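Reproduced below: work.cif, with mmCIF, C-alpha atoms.
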data_query
#
loop_
_atom_site.label_atom_id
_atom_site.label_comp_id
_atom_site.auth_asym_id
_atom_site.auth_seq_id
_atom_site.Cartn_x
_atom_site.Cartn_y
_atom_site.Cartn_z
CA MET A 1 -14.43 -30.75 -24.93
CA ALA A 2 -13.40 -33.61 -22.72
CA ARG A 3 -14.79 -33.48 -19.22
CA GLN A 4 -11.52 -32.39 -17.69
CA GLU A 5 -11.00 -29.56 -20.16
CA ARG A 6 -14.51 -28.39 -19.50
CA ALA A 7 -13.85 -28.37 -15.76
CA ILE A 8 -10.70 -26.30 -16.25
CA GLU A 9 -12.58 -23.85 -18.46
CA THR A 10 -15.43 -23.56 -15.92
CA ARG A 11 -13.00 -22.91 -13.12
CA ARG A 12 -11.26 -20.24 -15.20
CA ARG A 13 -14.57 -18.53 -15.99
CA LEU A 14 -15.48 -18.53 -12.30
CA LEU A 15 -12.16 -16.97 -11.33
CA VAL A 16 -12.41 -14.26 -14.00
CA GLY A 17 -16.06 -13.50 -13.13
CA ALA A 18 -15.16 -13.37 -9.43
CA ALA A 19 -12.16 -11.17 -10.22
CA GLU A 20 -14.40 -8.67 -12.00
CA VAL A 21 -16.78 -8.50 -9.05
CA PHE A 22 -14.00 -8.33 -6.42
CA ASP A 23 -12.18 -5.68 -8.46
CA GLU A 24 -15.31 -3.52 -8.55
CA ARG A 25 -16.66 -4.03 -5.05
CA GLY A 26 -14.01 -5.50 -2.81
CA TYR A 27 -14.36 -8.72 -0.85
CA ALA A 28 -16.99 -7.81 1.74
CA ALA A 29 -19.46 -6.24 -0.70
CA ALA A 30 -19.12 -8.94 -3.37
CA SER A 31 -21.97 -11.47 -3.38
CA ILE A 32 -21.62 -15.07 -4.40
CA ASN A 33 -24.80 -14.78 -6.49
CA GLU A 34 -23.30 -11.95 -8.52
CA ILE A 35 -20.12 -13.95 -9.03
CA GLN A 36 -22.15 -16.89 -10.30
CA GLU A 37 -24.20 -14.70 -12.65
CA ARG A 38 -21.14 -12.84 -13.94
CA SER A 39 -19.35 -16.10 -14.65
CA GLY A 40 -22.30 -17.57 -16.50
CA VAL A 41 -21.96 -20.96 -14.85
CA THR A 42 -24.62 -22.88 -12.97
CA LYS A 43 -24.83 -22.82 -9.20
CA GLY A 44 -24.07 -26.53 -9.16
CA ALA A 45 -20.91 -26.06 -11.21
CA MET A 46 -19.80 -23.21 -8.96
CA TYR A 47 -20.14 -25.27 -5.79
CA PHE A 48 -18.39 -28.17 -7.49
CA HIS A 49 -15.30 -25.95 -7.77
CA PHE A 50 -15.54 -23.67 -4.75
CA ALA A 51 -17.16 -24.23 -1.36
CA SER A 52 -17.62 -20.56 -0.49
CA LYS A 53 -16.85 -16.93 -1.35
CA GLU A 54 -13.79 -17.23 0.87
CA ASP A 55 -12.67 -20.21 -1.20
CA ILE A 56 -13.13 -18.32 -4.49
CA ALA A 57 -11.18 -15.37 -3.09
CA ARG A 58 -8.30 -17.68 -2.23
CA GLY A 59 -8.34 -18.98 -5.80
CA VAL A 60 -8.24 -15.43 -7.17
CA MET A 61 -5.42 -14.45 -4.82
CA ALA A 62 -3.38 -17.51 -5.75
CA ALA A 63 -3.63 -16.45 -9.39
CA GLN A 64 -1.02 -13.74 -8.80
CA THR A 65 1.62 -16.41 -8.37
CA GLU A 66 0.48 -18.28 -11.50
CA ILE A 67 0.85 -15.46 -14.00
CA PRO A 68 4.08 -16.01 -15.90
CA VAL A 69 6.24 -12.99 -15.09
CA GLY A 70 9.85 -12.19 -15.79
CA THR A 71 9.46 -13.79 -19.19
CA ARG A 72 9.42 -10.59 -21.22
CA THR A 73 12.81 -9.19 -20.35
CA HIS A 74 15.73 -9.95 -22.64
CA SER A 75 18.28 -8.17 -20.47
CA THR A 76 21.23 -10.18 -19.24
CA SER A 77 21.62 -7.86 -16.22
CA PRO A 78 19.91 -9.30 -13.12
CA LEU A 79 19.35 -5.77 -11.78
CA GLN A 80 17.70 -4.70 -15.04
CA GLN A 81 15.56 -7.85 -14.88
CA VAL A 82 14.27 -6.71 -11.48
CA ILE A 83 13.42 -3.26 -12.89
CA ASP A 84 11.78 -4.85 -15.93
CA LEU A 85 9.76 -7.14 -13.66
CA THR A 86 8.21 -4.18 -11.84
CA HIS A 87 7.16 -2.64 -15.16
CA GLU A 88 5.77 -5.98 -16.27
CA LEU A 89 3.74 -6.26 -13.05
CA ALA A 90 2.52 -2.70 -13.59
CA HIS A 91 1.36 -3.71 -17.05
CA HIS A 92 -0.54 -6.70 -15.62
CA LEU A 93 -2.17 -4.43 -13.03
CA ARG A 94 -3.37 -2.20 -15.82
CA THR A 95 -4.61 -4.88 -18.21
CA ASN A 96 -5.40 -8.11 -16.32
CA VAL A 97 -8.48 -8.07 -14.10
CA LEU A 98 -7.52 -11.36 -12.44
CA PHE A 99 -4.15 -9.97 -11.38
CA ARG A 100 -5.68 -6.66 -10.31
CA ALA A 101 -8.36 -8.35 -8.19
CA SER A 102 -5.83 -10.67 -6.63
CA ILE A 103 -3.72 -7.69 -5.55
CA ARG A 104 -6.82 -5.87 -4.28
CA LEU A 105 -7.86 -8.85 -2.17
CA THR A 106 -4.34 -9.26 -0.83
CA VAL A 107 -4.16 -5.59 0.12
CA GLU A 108 -7.66 -5.48 1.62
CA ARG A 109 -7.52 -8.70 3.55
CA GLY A 110 -3.86 -9.38 4.03
CA THR A 111 -3.05 -5.93 5.26
CA PHE A 112 -5.41 -5.92 8.09
CA GLN A 113 -6.17 -9.51 8.95
CA ALA A 114 -2.51 -10.42 8.87
CA ASN A 115 -3.31 -13.90 7.64
CA ASP A 116 -2.06 -13.68 4.11
CA ALA A 117 1.61 -13.15 4.82
CA ASP A 118 2.31 -16.09 2.49
CA LEU A 119 1.71 -14.01 -0.63
CA TYR A 120 3.97 -11.20 0.54
CA ASP A 121 6.57 -13.81 1.47
CA TRP A 122 6.31 -15.27 -2.01
CA TRP A 123 7.15 -11.91 -3.61
CA LEU A 124 9.85 -11.16 -1.06
CA ARG A 125 11.54 -14.47 -1.86
CA ALA A 126 11.20 -13.94 -5.63
CA PHE A 127 12.72 -10.44 -5.50
CA GLY A 128 15.27 -11.52 -2.90
CA ARG A 129 16.55 -14.27 -5.21
CA ASP A 130 16.83 -11.89 -8.17
CA LEU A 131 18.60 -9.25 -6.10
CA ALA A 132 21.03 -11.85 -4.73
CA ARG A 133 21.89 -12.68 -8.35
CA ALA A 134 22.38 -8.95 -8.97
CA GLN A 135 24.80 -8.86 -6.06
CA GLY A 136 26.63 -11.88 -7.43
CA ALA A 137 26.98 -10.03 -10.73
CA GLY A 138 28.50 -7.03 -8.94
CA GLU A 139 25.44 -4.86 -9.54
CA LEU A 140 23.99 -4.61 -6.03
CA ARG A 141 26.22 -2.82 -3.54
CA GLU A 142 28.15 -5.17 -1.27
CA ASP A 143 26.86 -3.47 1.88
CA MET A 144 23.22 -4.06 0.89
CA ALA A 145 21.44 -7.21 2.06
CA PRO A 146 19.36 -8.53 -0.88
CA ASP A 147 16.48 -9.41 1.47
CA GLU A 148 16.36 -5.88 2.87
CA VAL A 149 16.35 -4.37 -0.60
CA ALA A 150 13.63 -6.85 -1.62
CA ALA A 151 11.48 -5.63 1.30
CA THR A 152 11.90 -2.03 0.16
CA VAL A 153 11.11 -2.94 -3.45
CA VAL A 154 8.00 -5.01 -2.62
CA GLY A 155 6.71 -2.50 -0.07
CA SER A 156 7.39 0.54 -2.23
CA PHE A 157 5.92 -1.05 -5.36
CA THR A 158 2.74 -1.95 -3.45
CA GLY A 159 2.28 1.58 -2.18
CA ILE A 160 3.27 3.37 -5.37
CA GLN A 161 0.76 1.39 -7.45
CA MET A 162 -1.93 2.29 -4.88
CA LEU A 163 -1.05 5.97 -5.12
CA SER A 164 -1.08 5.78 -8.91
CA HIS A 165 -4.46 4.05 -8.81
CA VAL A 166 -6.00 6.75 -6.62
CA LEU A 167 -4.50 9.67 -8.51
CA SER A 168 -4.70 8.49 -12.12
CA GLU A 169 -6.37 5.06 -12.33
CA ARG A 170 -2.79 3.80 -12.83
CA ARG A 171 -2.31 5.73 -16.07
CA ASP A 172 0.90 7.24 -14.68
CA LEU A 173 2.15 4.04 -13.05
CA HIS A 174 5.08 3.36 -15.43
CA GLU A 175 6.16 6.98 -15.09
CA ARG A 176 5.98 6.84 -11.27
CA LEU A 177 7.97 3.59 -11.21
CA THR A 178 10.57 5.18 -13.46
CA GLY A 179 10.97 8.15 -11.10
CA TRP A 180 11.18 5.80 -8.10
CA TRP A 181 13.92 3.64 -9.67
CA ARG A 182 15.88 6.74 -10.63
CA GLN A 183 15.82 7.81 -6.99
CA LEU A 184 16.51 4.37 -5.51
CA LEU A 185 19.26 3.06 -7.82
CA PRO A 186 22.17 5.20 -6.54
CA GLY A 187 21.68 3.87 -3.01
CA ILE A 188 21.41 0.17 -3.83
CA ALA A 189 23.48 -0.33 -6.99
CA THR A 190 27.20 0.00 -7.62
CA PRO A 191 28.05 3.23 -9.48
CA GLU A 192 28.64 1.36 -12.77
CA ALA A 193 25.41 -0.61 -12.50
CA ALA A 194 23.41 2.48 -11.51
CA ALA A 195 24.81 4.35 -14.53
CA GLN A 196 23.89 1.53 -16.93
CA ALA A 197 20.44 0.63 -15.55
CA LEU A 198 17.36 1.85 -17.39
CA PRO A 199 14.77 3.00 -14.80
CA ALA A 200 12.00 2.99 -17.41
CA GLY A 201 12.66 -0.68 -18.26
CA SER A 202 14.44 -2.31 -21.18
CA PRO A 203 13.42 -1.07 -24.62
CA GLY A 204 12.81 -4.65 -25.71
CA LEU A 205 10.28 -5.27 -22.96
CA GLY A 206 7.52 -5.65 -25.53
CA LEU A 207 4.72 -4.22 -23.44
CA PRO A 208 1.79 -2.91 -25.44
CA ALA A 209 1.53 0.85 -25.81
CA ARG A 210 1.51 2.72 -22.53
CA VAL A 211 -1.65 4.80 -22.53
CA MET B 1 -19.83 20.14 31.29
CA ALA B 2 -21.35 22.83 29.18
CA ARG B 3 -23.50 21.59 26.34
CA GLN B 4 -20.90 22.36 23.71
CA GLU B 5 -18.11 20.55 25.56
CA ARG B 6 -20.38 17.56 25.97
CA ALA B 7 -21.09 17.55 22.25
CA ILE B 8 -17.37 17.63 21.45
CA GLU B 9 -16.73 14.78 23.89
CA THR B 10 -19.59 12.70 22.42
CA ARG B 11 -18.26 13.22 18.90
CA ARG B 12 -14.79 12.18 20.03
CA ARG B 13 -16.15 9.01 21.69
CA LEU B 14 -18.05 8.15 18.52
CA LEU B 15 -14.94 8.60 16.37
CA VAL B 16 -12.78 6.48 18.69
CA GLY B 17 -15.44 3.76 18.97
CA ALA B 18 -15.88 3.76 15.21
CA ALA B 19 -12.11 3.68 14.73
CA GLU B 20 -11.88 0.55 16.88
CA VAL B 21 -14.58 -1.20 14.86
CA PHE B 22 -13.20 -0.09 11.46
CA ASP B 23 -9.68 -1.07 12.53
CA GLU B 24 -10.87 -4.58 13.42
CA ARG B 25 -13.35 -5.25 10.63
CA GLY B 26 -12.84 -2.78 7.82
CA TYR B 27 -15.51 -0.52 6.40
CA ALA B 28 -17.88 -2.99 4.75
CA ALA B 29 -18.11 -5.39 7.69
CA ALA B 30 -18.48 -2.70 10.36
CA SER B 31 -22.05 -2.17 11.54
CA ILE B 32 -23.44 1.11 12.76
CA ASN B 33 -25.02 -0.67 15.72
CA GLU B 34 -21.67 -1.98 16.86
CA ILE B 35 -20.14 1.48 16.50
CA GLN B 36 -22.90 2.92 18.65
CA GLU B 37 -22.51 0.22 21.32
CA ARG B 38 -18.71 0.49 21.34
CA SER B 39 -18.90 4.26 21.75
CA GLY B 40 -21.37 4.02 24.62
CA VAL B 41 -23.53 6.84 23.29
CA THR B 42 -27.24 6.79 22.58
CA LYS B 43 -28.58 6.24 19.10
CA GLY B 44 -30.06 9.72 19.18
CA ALA B 45 -26.71 11.29 20.04
CA MET B 46 -25.03 9.30 17.26
CA TYR B 47 -27.46 10.50 14.61
CA PHE B 48 -27.16 14.04 15.93
CA HIS B 49 -23.47 13.93 14.97
CA PHE B 50 -23.39 11.60 11.97
CA ALA B 51 -26.03 10.85 9.37
CA SER B 52 -24.65 7.45 8.31
CA LYS B 53 -21.79 4.96 8.51
CA GLU B 54 -20.32 6.68 5.46
CA ASP B 55 -20.42 9.96 7.34
CA ILE B 56 -18.65 8.49 10.39
CA ALA B 57 -15.99 6.96 8.14
CA ARG B 58 -15.33 10.39 6.61
CA GLY B 59 -14.91 11.79 10.12
CA VAL B 60 -12.42 9.04 11.01
CA MET B 61 -10.47 9.54 7.77
CA ALA B 62 -10.29 13.30 8.29
CA ALA B 63 -8.70 12.65 11.68
CA GLN B 64 -5.40 11.77 10.00
CA THR B 65 -4.96 15.38 9.01
CA GLU B 66 -5.81 16.66 12.50
CA ILE B 67 -3.17 14.77 14.45
CA PRO B 68 -0.33 17.20 15.23
CA VAL B 69 2.70 15.80 13.44
CA GLY B 70 6.16 17.15 12.82
CA THR B 71 6.12 18.62 16.32
CA ARG B 72 8.50 16.14 17.90
CA THR B 73 11.58 16.74 15.81
CA HIS B 74 14.17 19.19 17.08
CA SER B 75 16.39 18.86 14.03
CA THR B 76 17.18 22.02 12.09
CA SER B 77 17.74 20.01 8.89
CA PRO B 78 14.62 19.96 6.68
CA LEU B 79 15.67 16.58 5.27
CA GLN B 80 16.04 15.13 8.76
CA GLN B 81 12.64 16.57 9.63
CA VAL B 82 11.14 14.55 6.76
CA ILE B 83 12.81 11.37 8.01
CA ASP B 84 11.69 12.12 11.56
CA LEU B 85 8.13 12.68 10.34
CA THR B 86 7.94 9.19 8.83
CA HIS B 87 9.06 7.67 12.14
CA GLU B 88 6.54 9.81 13.99
CA LEU B 89 3.76 8.61 11.65
CA ALA B 90 4.94 5.04 12.21
CA HIS B 91 4.64 5.60 15.94
CA HIS B 92 1.07 6.91 15.53
CA LEU B 93 0.20 3.87 13.42
CA ARG B 94 1.41 1.63 16.21
CA THR B 95 -0.21 3.42 19.12
CA ASN B 96 -3.22 5.48 17.95
CA VAL B 97 -6.30 3.52 16.86
CA LEU B 98 -7.91 6.61 15.32
CA PHE B 99 -4.90 7.21 13.08
CA ARG B 100 -4.61 3.49 12.25
CA ALA B 101 -8.30 3.21 11.30
CA SER B 102 -8.14 6.37 9.24
CA ILE B 103 -5.24 4.94 7.23
CA ARG B 104 -7.03 1.60 6.87
CA LEU B 105 -10.16 3.28 5.53
CA THR B 106 -8.11 5.42 3.16
CA VAL B 107 -6.28 2.38 1.85
CA GLU B 108 -9.41 0.20 1.56
CA ARG B 109 -11.69 2.75 0.03
CA GLY B 110 -9.41 5.32 -1.55
CA THR B 111 -7.30 2.76 -3.31
CA PHE B 112 -10.06 1.14 -5.19
CA GLN B 113 -12.87 3.63 -5.38
CA ALA B 114 -10.51 6.39 -6.43
CA ASN B 115 -12.62 8.99 -4.66
CA ASP B 116 -10.38 9.84 -1.78
CA ALA B 117 -7.53 11.37 -3.71
CA ASP B 118 -7.81 14.42 -1.47
CA LEU B 119 -6.12 12.70 1.46
CA TYR B 120 -3.22 11.47 -0.68
CA ASP B 121 -2.96 14.96 -2.14
CA TRP B 122 -2.80 16.39 1.37
CA TRP B 123 0.20 14.21 2.24
CA LEU B 124 1.86 14.82 -1.12
CA ARG B 125 1.62 18.57 -0.58
CA ALA B 126 2.89 18.31 3.00
CA PHE B 127 5.93 16.22 2.03
CA GLY B 128 6.45 18.24 -1.15
CA ARG B 129 6.70 21.47 0.87
CA ASP B 130 9.19 19.94 3.32
CA LEU B 131 11.30 18.49 0.52
CA ALA B 132 11.32 21.84 -1.29
CA ARG B 133 12.73 23.35 1.90
CA ALA B 134 15.33 20.59 1.94
CA GLN B 135 16.29 21.53 -1.60
CA GLY B 136 16.51 25.19 -0.59
CA ALA B 137 18.88 24.17 2.19
CA GLY B 138 21.10 22.33 -0.29
CA GLU B 139 20.14 18.90 1.07
CA LEU B 140 17.98 17.55 -1.77
CA ARG B 141 19.86 17.03 -5.03
CA GLU B 142 19.32 19.81 -7.55
CA ASP B 143 18.21 17.36 -10.25
CA MET B 144 15.41 15.96 -8.08
CA ALA B 145 11.94 17.49 -8.25
CA PRO B 146 10.57 17.77 -4.68
CA ASP B 147 7.10 16.69 -5.86
CA GLU B 148 8.48 13.54 -7.48
CA VAL B 149 10.43 12.63 -4.37
CA ALA B 150 7.31 13.32 -2.27
CA ALA B 151 5.36 10.85 -4.43
CA THR B 152 8.01 8.19 -3.86
CA VAL B 153 8.09 8.88 -0.13
CA VAL B 154 4.30 8.84 0.32
CA GLY B 155 3.83 5.77 -1.89
CA SER B 156 6.71 3.83 -0.39
CA PHE B 157 5.75 4.69 3.19
CA THR B 158 2.18 3.51 2.53
CA GLY B 159 3.32 0.17 1.14
CA ILE B 160 6.11 -0.44 3.63
CA GLN B 161 3.79 0.05 6.60
CA MET B 162 1.35 -2.44 4.98
CA LEU B 163 4.12 -4.98 4.55
CA SER B 164 5.24 -4.46 8.14
CA HIS B 165 1.66 -4.88 9.33
CA VAL B 166 1.24 -8.19 7.52
CA LEU B 167 4.61 -9.60 8.49
CA SER B 168 4.99 -8.36 12.07
CA GLU B 169 1.90 -6.39 13.16
CA ARG B 170 4.14 -3.34 12.58
CA ARG B 171 6.63 -4.36 15.28
CA ASP B 172 9.48 -4.02 12.75
CA LEU B 173 8.16 -0.82 11.15
CA HIS B 174 10.83 1.58 12.48
CA GLU B 175 13.51 -0.88 11.42
CA ARG B 176 12.05 -1.24 7.93
CA LEU B 177 11.78 2.52 7.53
CA THR B 178 15.40 2.85 8.62
CA GLY B 179 16.54 0.35 5.97
CA TRP B 180 14.44 2.11 3.34
CA TRP B 181 15.89 5.57 4.11
CA ARG B 182 19.42 4.15 4.06
CA GLN B 183 18.75 2.85 0.55
CA LEU B 184 16.92 5.95 -0.70
CA LEU B 185 19.09 8.76 0.68
CA PRO B 186 22.08 8.45 -1.68
CA GLY B 187 19.80 8.92 -4.70
CA ILE B 188 17.86 11.94 -3.46
CA ALA B 189 20.25 13.80 -1.14
CA THR B 190 23.50 15.62 -1.81
CA PRO B 191 26.50 13.56 -0.67
CA GLU B 192 27.05 15.75 2.39
CA ALA B 193 23.38 15.63 3.42
CA ALA B 194 23.20 11.87 2.84
CA ALA B 195 26.28 11.38 5.03
CA GLN B 196 24.83 13.46 7.87
CA ALA B 197 21.24 12.21 7.79
CA LEU B 198 20.11 9.70 10.42
CA PRO B 199 17.89 7.08 8.72
CA ALA B 200 16.61 5.84 12.10
CA GLY B 201 15.41 9.33 13.04
CA SER B 202 16.87 11.97 15.35
CA PRO B 203 17.89 10.73 18.78
CA GLY B 204 15.85 13.52 20.37
CA LEU B 205 12.64 12.38 18.69
CA GLY B 206 11.18 11.45 22.05
CA LEU B 207 9.08 8.53 20.88
CA PRO B 208 8.17 6.06 23.60
CA ALA B 209 10.13 2.82 23.66
CA ARG B 210 10.04 0.88 20.41
CA VAL B 211 8.71 -2.54 21.25
#
Once more with this new file: its structure as structure tokens, please.
Amino acid sequence: MARQERAIETRRRLLVGAAEVFDERGYAAASINEIQERSGVTKGAMYFHFASKEDIARGVMAAQTEIPVGTRTHSTSPLQQVIDLTHELAHHLRTNVLFRASIRLTVERGTFQANDADLYDWWLRAFGRDLARAQGAGELREDMAPDEVAATVVGSFTGIQMLSHVLSERRDLHERLTGWWRQLLPGIATPEAAAQALPAGSPGLGLPARV
Amino acid sequence: MARQERAIETRRRLLVGAAEVFDERGYAAASINEIQERSGVTKGAMYFHFASKEDIARGVMAAQTEIPVGTRTHSTSPLQQVIDLTHELAHHLRTNVLFRASIRLTVERGTFQANDADLYDWWLRAFGRDLARAQGAGELREDMAPDEVAATVVGSFTGIQMLSHVLSERRDLHERLTGWWRQLLPGIATPEAAAQALPAGSPGLGLPARV
């Protein structure tokens, strides 16, 4: 491997190793030594990439914005794309330790230290844009502000995945999201759009089997 | 004070002092020495009441089920009582450090260690009962299972208060809850009940001024 490729690979291994440790223990209880051991990189290589545990945590948290999402849906309905996106994120939470750890760190730290509003803002903007497109397509009710609906969707998704984690290790997450969309759609979508939307996600979503 | 009263007062001071420290630092970073100093009780008194930091945290978390809620509403509509309850809980989150810390600990620990499902179950049962009454009164749609709606309400409330905390230190929490209920009501309530419900809570709720 060329030197640059090797550096990218080392950084990736550090982030995944750190994600495993953060996912298991949370930020405060995670030790930088354990992260280094879990990643299988040398101490020197670790400090070449990250100055501190704080720095590694920021790298892990940023990963949630780097995962390609919204790429699986084949629906042409912007509203259905939003529904599909939540199921896709649920799938990542269940299968991708880097994504799971990044959400854990955001919840643990952002919630209470109020210094990670950027990540919430990022999701609010992403959902707000999609919902504005849904309104342009006549799917979101005219009296609903896309930004307000985005806040409900981001907030509710965050809490529902937490509930699902506590009660079933997220095994019932797709089912809970489906029930939630069924309840929410009549209030935010036009009657035609609500009737056509699939709360469980598009059939062509291509997610691996839901355990 | 009689000995028993003094013991109750000491326990209360320990829980409030611990709540302040947990609310500021979270579980892992809180030290038992700081809790003791903040409470202004002796080390001996502390260990008489609580064996460990873990033990104190359990006491703080249990406090969320001991706060009298649902007592402020004067509405005779079970559905409105549910809406009022969420605004009342929001008010406690904003003004009561013991309640706020107990929710923080539940979120931090319960979410990821999956061992505090009891507290979520407690809220699910409480909301499930109220929503079943709403269905009995013809307010909840017949095709909605009260338990499923309760899961959406508990999950969404949890996440929306987190979002509000990050973005505004919960200053906009009542407003966010109002927007959320406006969006959710048409899908869960009968048309008549949805038209009559007040998403911002009953006017007679008697909460102190919303800052």
Next item on the list: Output as an MDAnalysis selection string the set of chain A residues within 9 Å of chain B, with distances taken over only C-alpha atoms.
Entry: chainID A and resid 23:29 104 107:108 110:117 120:121 144 148:149 151:169 176:177 179:180 182:188
Check: the PyMOL selection byres ((chain A and resi 81) around 12) on the file shown: which residues, as a PyMOL selection string?
Finding: chain A and resi 69-80+82-88+126-127+129-131+133-134+139+197-202+204-205
Notebook entry, point to check: If you measure from CA of Met61 (chain B) to CA of Asp172 (chain B), what distance in Å do you get, rounded to one decimal?
Noted result: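 Answer for the CA of Met61 (chain B) to CA of Asp172 (chain B) separation: 24.6 Å.
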Next item on the list: Please identify all polymer residues within 12 Å of region 45-55 of chain B, counting only C-alpha atoms, omitting same-chain residues fewer than 4 positions from it, and present them as a PyMOL selection string.
Entry: chain B and resi 6-15+17-19+21-22+26-41+59-62+105+109
Resulting file, chosen residues, C-alpha atoms, as a PDB file, in the coordinates of the input:
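File written: part.pdb
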ATOM      1  CA  ARG B   6     -20.380  17.560  25.970  1.00  0.00           C
ATOM      2  CA  ALA B   7     -21.090  17.550  22.250  1.00  0.00           C
ATOM      3  CA  ILE B   8     -17.370  17.630  21.450  1.00  0.00           C
ATOM      4  CA  GLU B   9     -16.730  14.780  23.890  1.00  0.00           C
ATOM      5  CA  THR B  10     -19.590  12.700  22.420  1.00  0.00           C
ATOM      6  CA  ARG B  11     -18.260  13.220  18.900  1.00  0.00           C
ATOM      7  CA  ARG B  12     -14.790  12.180  20.030  1.00  0.00           C
ATOM      8  CA  ARG B  13     -16.150   9.010  21.690  1.00  0.00           C
ATOM      9  CA  LEU B  14     -18.050   8.150  18.520  1.00  0.00           C
ATOM     10  CA  LEU B  15     -14.940   8.600  16.370  1.00  0.00           C
ATOM     11  CA  GLY B  17     -15.440   3.760  18.970  1.00  0.00           C
ATOM     12  CA  ALA B  18     -15.880   3.760  15.210  1.00  0.00           C
ATOM     13  CA  ALA B  19     -12.110   3.680  14.730  1.00  0.00           C
ATOM     14  CA  VAL B  21     -14.580  -1.200  14.860  1.00  0.00           C
ATOM     15  CA  PHE B  22     -13.200  -0.090  11.460  1.00  0.00           C
ATOM     16  CA  GLY B  26     -12.840  -2.780   7.820  1.00  0.00           C
ATOM     17  CA  TYR B  27     -15.510  -0.520   6.400  1.00  0.00           C
ATOM     18  CA  ALA B  28     -17.880  -2.990   4.750  1.00  0.00           C
ATOM     19  CA  ALA B  29     -18.110  -5.390   7.690  1.00  0.00           C
ATOM     20  CA  ALA B  30     -18.480  -2.700  10.360  1.00  0.00           C
ATOM     21  CA  SER B  31     -22.050  -2.170  11.540  1.00  0.00           C
ATOM     22  CA  ILE B  32     -23.440   1.110  12.760  1.00  0.00           C
ATOM     23  CA  ASN B  33     -25.020  -0.670  15.720  1.00  0.00           C
ATOM     24  CA  GLU B  34     -21.670  -1.980  16.860  1.00  0.00           C
ATOM     25  CA  ILE B  35     -20.140   1.480  16.500  1.00  0.00           C
ATOM     26  CA  GLN B  36     -22.900   2.920  18.650  1.00  0.00           C
ATOM     27  CA  GLU B  37     -22.510   0.220  21.320  1.00  0.00           C
ATOM     28  CA  ARG B  38     -18.710   0.490  21.340  1.00  0.00           C
ATOM     29  CA  SER B  39     -18.900   4.260  21.750  1.00  0.00           C
ATOM     30  CA  GLY B  40     -21.370   4.020  24.620  1.00  0.00           C
ATOM     31  CA  VAL B  41     -23.530   6.840  23.290  1.00  0.00           C
ATOM     32  CA  GLY B  59     -14.910  11.790  10.120  1.00  0.00           C
ATOM     33  CA  VAL B  60     -12.420   9.040  11.010  1.00  0.00           C
ATOM     34  CA  MET B  61     -10.470   9.540   7.770  1.00  0.00           C
ATOM     35  CA  ALA B  62     -10.290  13.300   8.290  1.00  0.00           C
ATOM     36  CA  LEU B 105     -10.160   3.280   5.530  1.00  0.00           C
ATOM     37  CA  ARG B 109     -11.690   2.750   0.030  1.00  0.00           C
TER      38      ARG B 109
END
Please write C-alpha atoms of region 187-202 of chain A, from the structure given just now, as a PDB file, in the first residue's frame.
ATOM      1  CA  GLY A 187     -51.635  14.601  10.187  1.00  0.00           C
ATOM      2  CA  ILE A 188     -48.764  15.654   7.941  1.00  0.00           C
ATOM      3  CA  ALA A 189     -49.608  14.274   4.493  1.00  0.00           C
ATOM      4  CA  THR A 190     -52.400  15.109   2.078  1.00  0.00           C
ATOM      5  CA  PRO A 191     -55.130  12.431   2.076  1.00  0.00           C
ATOM      6  CA  GLU A 192     -53.958  11.021  -1.290  1.00  0.00           C
ATOM      7  CA  ALA A 193     -50.312  10.896  -0.225  1.00  0.00           C
ATOM      8  CA  ALA A 194     -51.182   9.366   3.158  1.00  0.00           C
ATOM      9  CA  ALA A 195     -53.230   6.669   1.410  1.00  0.00           C
ATOM     10  CA  GLN A 196     -50.398   5.800  -0.995  1.00  0.00           C
ATOM     11  CA  ALA A 197     -47.452   5.940   1.432  1.00  0.00           C
ATOM     12  CA  LEU A 198     -46.002   2.690   2.728  1.00  0.00           C
ATOM     13  CA  PRO A 199     -45.205   3.101   6.462  1.00  0.00           C
ATOM     14  CA  ALA A 200     -43.032  -0.026   6.458  1.00  0.00           C
ATOM     15  CA  GLY A 201     -40.841   1.360   3.653  1.00  0.00           C
ATOM     16  CA  SER A 202     -40.698   0.605  -0.056  1.00  0.00           C
TER      17      SER A 202
END
